[in-house]
Amino acid sequence: MVNGFTYTNVVPWLPVIKDDLELSNAALGGAIAAYPLGALLTAMLAGPLIARFGSGRVSVATGVLAAVLLPVVALAPGWWALAAVLFALGTADAWMDAAMNAHGLRVQRRYGRTIINTFHAVWSVAAVCGGLVGSAMVGLGVPLQAHLLGASVVLLVLAGTASRFLLAGPEHTERADGHVAPGEVLRLPRAAVGLLLGLSVLLMMAGAIEDSAASWGAVYMRDELGAPLFLAGLPFVACQAMMTVGRLTGDRLTDRFGAVAVTRCGGLLAAVGLGTALLVPGPVTAIAGFGLLGLGVATLFPLTLAAAGEVPGVRSGDGVAVVAWLGRAGFLAFPPLVGAVADATSLGVGLWAIPLAGLLAAVLAPALRPAAAAART
C-alpha cells in the first residue's frame with residue numbers, strides 16, 4: 001500500500017509543477033525519466049541490502065525514505081532539483097519493490113497457499129487511490145506542499161504500523177533449501193542464469209502489456225478512433241479495474257490450476273483481447289479489449305516475481321532484484337518501439353506489439369515451473 005500510494009500522488013501535479021518551474025515539455029519529460037533511471041541504475045543493490053538487513057527492514061526503511069522524499073518534490077526550485085529528487089524516489093521504489101516482494105514470499109510460504117497476487121491487488125488499489133487523491137487536491141486548490149506533506153505523514157504511519165508485524169529470523173527460514181548462498185555479495189549459480197533470463201523476459205512482457213493502457217489507451221481512442229475526450233481515459237480505467245479483479249481472484253486460480261497454466265491463459269487472453277479490438281476498431285471494442293488485457297495480465301507480474309524469489313540456489317532477494325532489474329531495462333524499449341512504428345504507419349499498427357508480447361508471455365510460461373516445483377518440496 002505504501003509503495004503504490006507514494007509517487008501516484010505526484011502524477012496529477014506534474015502539469016502544475018511544469019508551469020511553476022517554467023519547464024518545457026522536453027525538460028519535464030527528462031525530469032520524469034530520472035525516476036525510472038534511478039530505479040534502473042541502483043536496483044541491483046537491493047539483493048545485497050536484503051541479505052545484510054533482511055527484506056522486512058529494507059521494505060520499511062525504503063518506504064520511510066520515499067515518504068520523507070515526497071514533500072521535497074514540492075520544494076524543488078528548478079529542473080535539476082526536481083530530477084534529483086525523482087531519481088532518489090526511483091531508487092527507493094526499486095529497493096522497496098524487491099524487498100517487499102521477497103518478504104511477501106516469506107509470508108506466503110508460512111501461509112501455505114498463494115497470496116502474492118492479493119498483495120499486488122492492494123498495490124493496484126493504493127495506486128488508483130493515490131492518483132484520485134492527487135487529482136482531488138489539485139481540483140480543490142490545495143497547495144502542493146500541504147498535500148504532499150499530508151501524504152507523507154499518512155505513509156509514515158502506515159510504514160510504522162507495518163513494521164510491527166514483519167517476520168523475524170533469517171531471510172530463508174521458510175525455504176526448503178534453507179540458507180541459500182550465504183553472505184552479502186550477490187551470488188548467481190551458473191545453472192540458474194538461464195532461468196533468471198527467461199523470467200526477466202517474461203517480466204518484460206508483463207510490464208509492456210500492463211503499461212500499454214496508460215501509455216497509449218487515451219491516445220489511441222482520441223487520435224485513431226476519434227472518440228470524445230470523456231471516453232478517452234476509459235481504456236485505462238477498464239484495464240486497471242479488471243487487473244484488480246484478476247489479482248483478487250488470481251491466488252485461488254493459481255492454487256487450483258498452477259502458475260504455468262494461469263500465466264499461459266493470461267498471456268493469451270491479453271493477446272486475444274487487444275488483438276480483437278485492433279481488428280474491429282471502435283471505442284466500445286477498444287475499452288473492452290483493454291479491459292480483457294488488464295484481466296489477462298493481472299497475475300503475470302506477481303507470479304513472475306514470486307518465481308524469481310524461488311529459483312533453486314538463489315537467495316530470494318537476489319532473484320527478485322535481478323529479474324526486476326532486467327525486466328525494467330528491457331521494458332524501456334517498448335514505448336519507443338510502439339511510438340516509432342506508430343509514426344511510420346499508425347498507432348493501430350504499433351499496438352500490435354502488445355498482443356505479440358502476450359503471445360510471447362504464454363510461450364515463456366513454463367519458466368515458472370522449476371521455481372514452483374522447488375517451492376512445493
# chains A, B, ... in the order shown; residues from 1 in each chain; ligands from 1

$ residues_around --residues "stretch 86-89 of chain A" --least-positions-apart "2" --cutoff "7 Å" --atoms "only C-alpha atoms" --output "list of chain:residue names"
A:Ile32, A:Ala34, A:Tyr35, A:Leu37, A:Gly38, A:Ala66, A:Leu69, A:Leu82, A:Ala83, A:Ala84, A:Thr91, A:Ala92, A:Asp93

$ closest_atom_pairs --of "stretch 173-287 of chain A" --to "stretch 297-320 of chain A" --cutoff "6 Å" --atoms "only C-alpha atoms" --output "JSON lines"
{"residue": "A:Val180", "atom": "CA", "partner": "A:Arg315", "partner_atom": "CA", "distance": 5.3}
{"residue": "A:Ala206", "atom": "CA", "partner": "A:Phe301", "partner_atom": "CA", "distance": 5.7}
{"residue": "A:Met243", "atom": "CA", "partner": "A:Ala298", "partner_atom": "CA", "distance": 4.7}
{"residue": "A:Gly246", "atom": "CA", "partner": "A:Ala298", "partner_atom": "CA", "distance": 5.2}
{"residue": "A:Arg247", "atom": "CA", "partner": "A:Ala298", "partner_atom": "CA", "distance": 5.4}
{"residue": "A:Thr263", "atom": "CA", "partner": "A:Leu300", "partner_atom": "CA", "distance": 5.8}
{"residue": "A:Gly266", "atom": "CA", "partner": "A:Val297", "partner_atom": "CA", "distance": 5.7}

$ closest_atom_pairs --of "stretch 62-169 of chain A" --to "stretch 326-329 of chain A" --cutoff "12 Å" --atoms "only C-alpha atoms" --output "JSON lines"
{"residue": "A:Gly90", "atom": "CA", "partner": "A:Arg328", "partner_atom": "CA", "distance": 11.8}
{"residue": "A:Ala94", "atom": "CA", "partner": "A:Arg328", "partner_atom": "CA", "distance": 9.8}
{"residue": "A:Asp97", "atom": "CA", "partner": "A:Arg328", "partner_atom": "CA", "distance": 11.9}

$ closest_residue --among "A:Pro366, A:Pro71, A:Gly4, A:Gly348" --to "A:Gly275" --atoms "only C-alpha atoms"
A:Gly348

$ residues_around --residues "A:Asp19" --least-positions-apart "6" --cutoff "12 Å" --atoms "only C-alpha atoms" --output "ChimeraX atom specification"
/A:13,25,27-28,78-79

$ residues_around --residues "A:Val142" --least-positions-apart "6" --cutoff "12 Å" --atoms "only C-alpha atoms" --output "list in words"
Trp13, Val16, Val133, Gly134, Ser135, Ala136, Leu148, Leu149 and Gly150 of chain A

$ residues_around --residues "A:Met242" --least-positions-apart "5" --cutoff "6 Å" --atoms "only C-alpha atoms" --output "list in words"
Gly291, Gly294 and Leu295 of chain A

$ write_last_selection --atoms "all heavy atoms" --output "compact mmCIF listing (two decimals), in the first residue's frame"
# COMPACT_ATOMS: atom_id res chain seq x y z
N GLY A 291 -9.83 -3.83 -21.30
CA GLY A 291 -10.30 -4.49 -20.09
C GLY A 291 -9.87 -5.94 -20.03
O GLY A 291 -9.38 -6.42 -19.00
N GLY A 294 -6.24 -6.13 -19.26
CA GLY A 294 -5.96 -5.97 -17.84
C GLY A 294 -6.24 -7.24 -17.05
O GLY A 294 -5.47 -7.61 -16.16
N LEU A 295 -7.32 -7.93 -17.39
CA LEU A 295 -7.64 -9.19 -16.72
C LEU A 295 -6.58 -10.25 -17.02
O LEU A 295 -6.16 -11.00 -16.13
CB LEU A 295 -9.01 -9.68 -17.17
CG LEU A 295 -9.55 -10.95 -16.50
CD1 LEU A 295 -9.72 -10.74 -15.01
CD2 LEU A 295 -10.88 -11.36 -17.14

$ select_by_dssp --residues "stretch 117-266 of chain A" --states "helix (DSSP H, G or I)" --output "ChimeraX atom specification"
/A:117-140,144-163,190-224,229-232,234-257,259-266

$ atom_distance --atom1 "atom CA of A:Met205" --atom2 "atom CA of A:Gly358"
6.9 Å

$ residues_around --residues "A:Val58" --least-positions-apart "4" --cutoff "10 Å" --atoms "only C-alpha atoms" --output "list in words"
Ala46, Leu49, Ile50, Ala51, Arg52, Phe53, Gly54, Thr62, Gly63, Val64, Ala92, Trp95, Met96, Asp97, Ala98, Ala99, Met100 and His103 of chain A

$ residues_around --residues "A:Leu337" --least-positions-apart "2" --cutoff "12 Å" --atoms "only C-alpha atoms" --output "JSON, numbers by chain"
{"A": [208, 212, 330, 331, 332, 333, 334, 335, 339, 340, 341, 342, 343, 344, 347, 349, 350, 351, 352, 353, 354]}

$ atom_distance --atom1 "atom CA of A:Ala81" --atom2 "atom CA of A:Leu40"
19.2 Å

$ atom_distance --atom1 "atom CA of A:Arg113" --atom2 "atom CA of A:Arg252"
8.6 Å

$ closest_residue --among "A:Ser200, A:Ser152, A:Ser59, A:Ser163" --to "A:Ala102" --atoms "only C-alpha atoms"
A:Ser59

$ decode --residues "stretch 246-335 of chain A" --atoms "C-alpha atoms" --output "CSV table (one decimal), in the first residue's frame"
chain,number,residue,atom,x,y,z
A,246,GLY,CA,-7.8,-10.5,-11.7
A,247,ARG,CA,-5.4,-10.1,-8.9
A,248,LEU,CA,-8.0,-10.6,-6.2
A,249,THR,CA,-9.1,-13.9,-7.8
A,250,GLY,CA,-5.6,-14.9,-9.1
A,251,ASP,CA,-4.5,-16.6,-5.9
A,252,ARG,CA,-7.3,-19.2,-5.9
A,253,LEU,CA,-6.8,-19.8,-9.6
A,254,THR,CA,-3.1,-20.3,-9.2
A,255,ASP,CA,-3.6,-22.8,-6.3
A,256,ARG,CA,-6.1,-24.8,-8.4
A,257,PHE,CA,-4.5,-24.8,-11.9
A,258,GLY,CA,-0.9,-23.8,-11.2
A,259,ALA,CA,1.2,-20.7,-12.1
A,260,VAL,CA,2.2,-22.0,-15.5
A,261,ALA,CA,-1.4,-22.6,-16.7
A,262,VAL,CA,-2.6,-19.3,-15.2
A,263,THR,CA,0.2,-17.3,-16.8
A,264,ARG,CA,-0.3,-19.0,-20.2
A,265,CYS,CA,-4.0,-18.3,-20.2
A,266,GLY,CA,-3.4,-14.8,-19.0
A,267,GLY,CA,-1.0,-14.0,-21.8
A,268,LEU,CA,-3.3,-15.5,-24.4
A,269,LEU,CA,-6.3,-13.6,-23.0
A,270,ALA,CA,-4.4,-10.3,-23.2
A,271,ALA,CA,-3.3,-11.0,-26.8
A,272,VAL,CA,-6.8,-12.0,-27.9
A,273,GLY,CA,-8.5,-9.1,-26.1
A,274,LEU,CA,-6.4,-6.3,-27.5
A,275,GLY,CA,-5.9,-8.1,-30.9
A,276,THR,CA,-9.6,-8.4,-31.4
A,277,ALA,CA,-10.1,-4.7,-30.5
A,278,LEU,CA,-7.4,-3.8,-33.1
A,279,LEU,CA,-9.0,-6.0,-35.8
A,280,VAL,CA,-12.5,-4.5,-35.0
A,281,PRO,CA,-11.6,-0.8,-34.3
A,282,GLY,CA,-14.1,1.2,-32.3
A,283,PRO,CA,-14.5,2.9,-28.9
A,284,VAL,CA,-16.5,0.1,-27.4
A,285,THR,CA,-14.3,-2.7,-28.6
A,286,ALA,CA,-11.2,-0.7,-27.5
A,287,ILE,CA,-12.5,-0.3,-24.0
A,288,ALA,CA,-13.5,-4.0,-23.8
A,289,GLY,CA,-10.2,-5.0,-25.4
A,290,PHE,CA,-8.1,-3.1,-22.9
A,291,GLY,CA,-10.3,-4.5,-20.1
A,292,LEU,CA,-9.6,-8.1,-21.2
A,293,LEU,CA,-5.9,-7.1,-21.5
A,294,GLY,CA,-6.0,-6.0,-17.8
A,295,LEU,CA,-7.6,-9.2,-16.7
A,296,GLY,CA,-5.1,-11.3,-18.7
A,297,VAL,CA,-2.0,-9.5,-17.4
A,298,ALA,CA,-3.2,-9.3,-13.8
A,299,THR,CA,-1.2,-12.2,-12.5
A,300,LEU,CA,1.8,-12.1,-14.8
A,301,PHE,CA,3.8,-9.6,-12.8
A,302,PRO,CA,3.3,-11.0,-9.3
A,303,LEU,CA,3.7,-14.7,-10.3
A,304,THR,CA,6.9,-13.9,-12.2
A,305,LEU,CA,8.4,-12.0,-9.3
A,306,ALA,CA,7.3,-14.9,-7.0
A,307,ALA,CA,9.0,-17.4,-9.2
A,308,ALA,CA,12.2,-15.3,-9.2
A,309,GLY,CA,12.2,-15.5,-5.4
A,310,GLU,CA,12.0,-19.3,-5.5
A,311,VAL,CA,14.9,-20.1,-8.0
A,312,PRO,CA,16.8,-23.0,-6.6
A,313,GLY,CA,20.2,-22.0,-5.2
A,314,VAL,CA,19.5,-18.2,-5.4
A,315,ARG,CA,18.6,-16.0,-2.5
A,316,SER,CA,15.1,-14.7,-2.8
A,317,GLY,CA,16.2,-11.0,-2.6
A,318,ASP,CA,18.8,-11.6,-5.3
A,319,GLY,CA,16.4,-13.4,-7.6
A,320,VAL,CA,13.7,-10.8,-7.4
A,321,ALA,CA,16.3,-7.9,-7.7
A,322,VAL,CA,17.9,-9.4,-10.8
A,323,VAL,CA,14.7,-10.3,-12.6
A,324,ALA,CA,13.1,-6.9,-11.8
A,325,TRP,CA,16.2,-5.1,-13.0
A,326,LEU,CA,16.5,-6.9,-16.3
A,327,GLY,CA,12.7,-6.6,-16.7
A,328,ARG,CA,12.9,-2.8,-16.2
A,329,ALA,CA,15.9,-2.5,-18.6
A,330,GLY,CA,14.2,-4.3,-21.4
A,331,PHE,CA,10.8,-2.7,-20.8
A,332,LEU,CA,12.2,0.7,-21.5
A,333,ALA,CA,12.4,-0.3,-25.2
A,334,PHE,CA,8.7,-1.0,-25.6
A,335,PRO,CA,7.2,2.5,-25.6
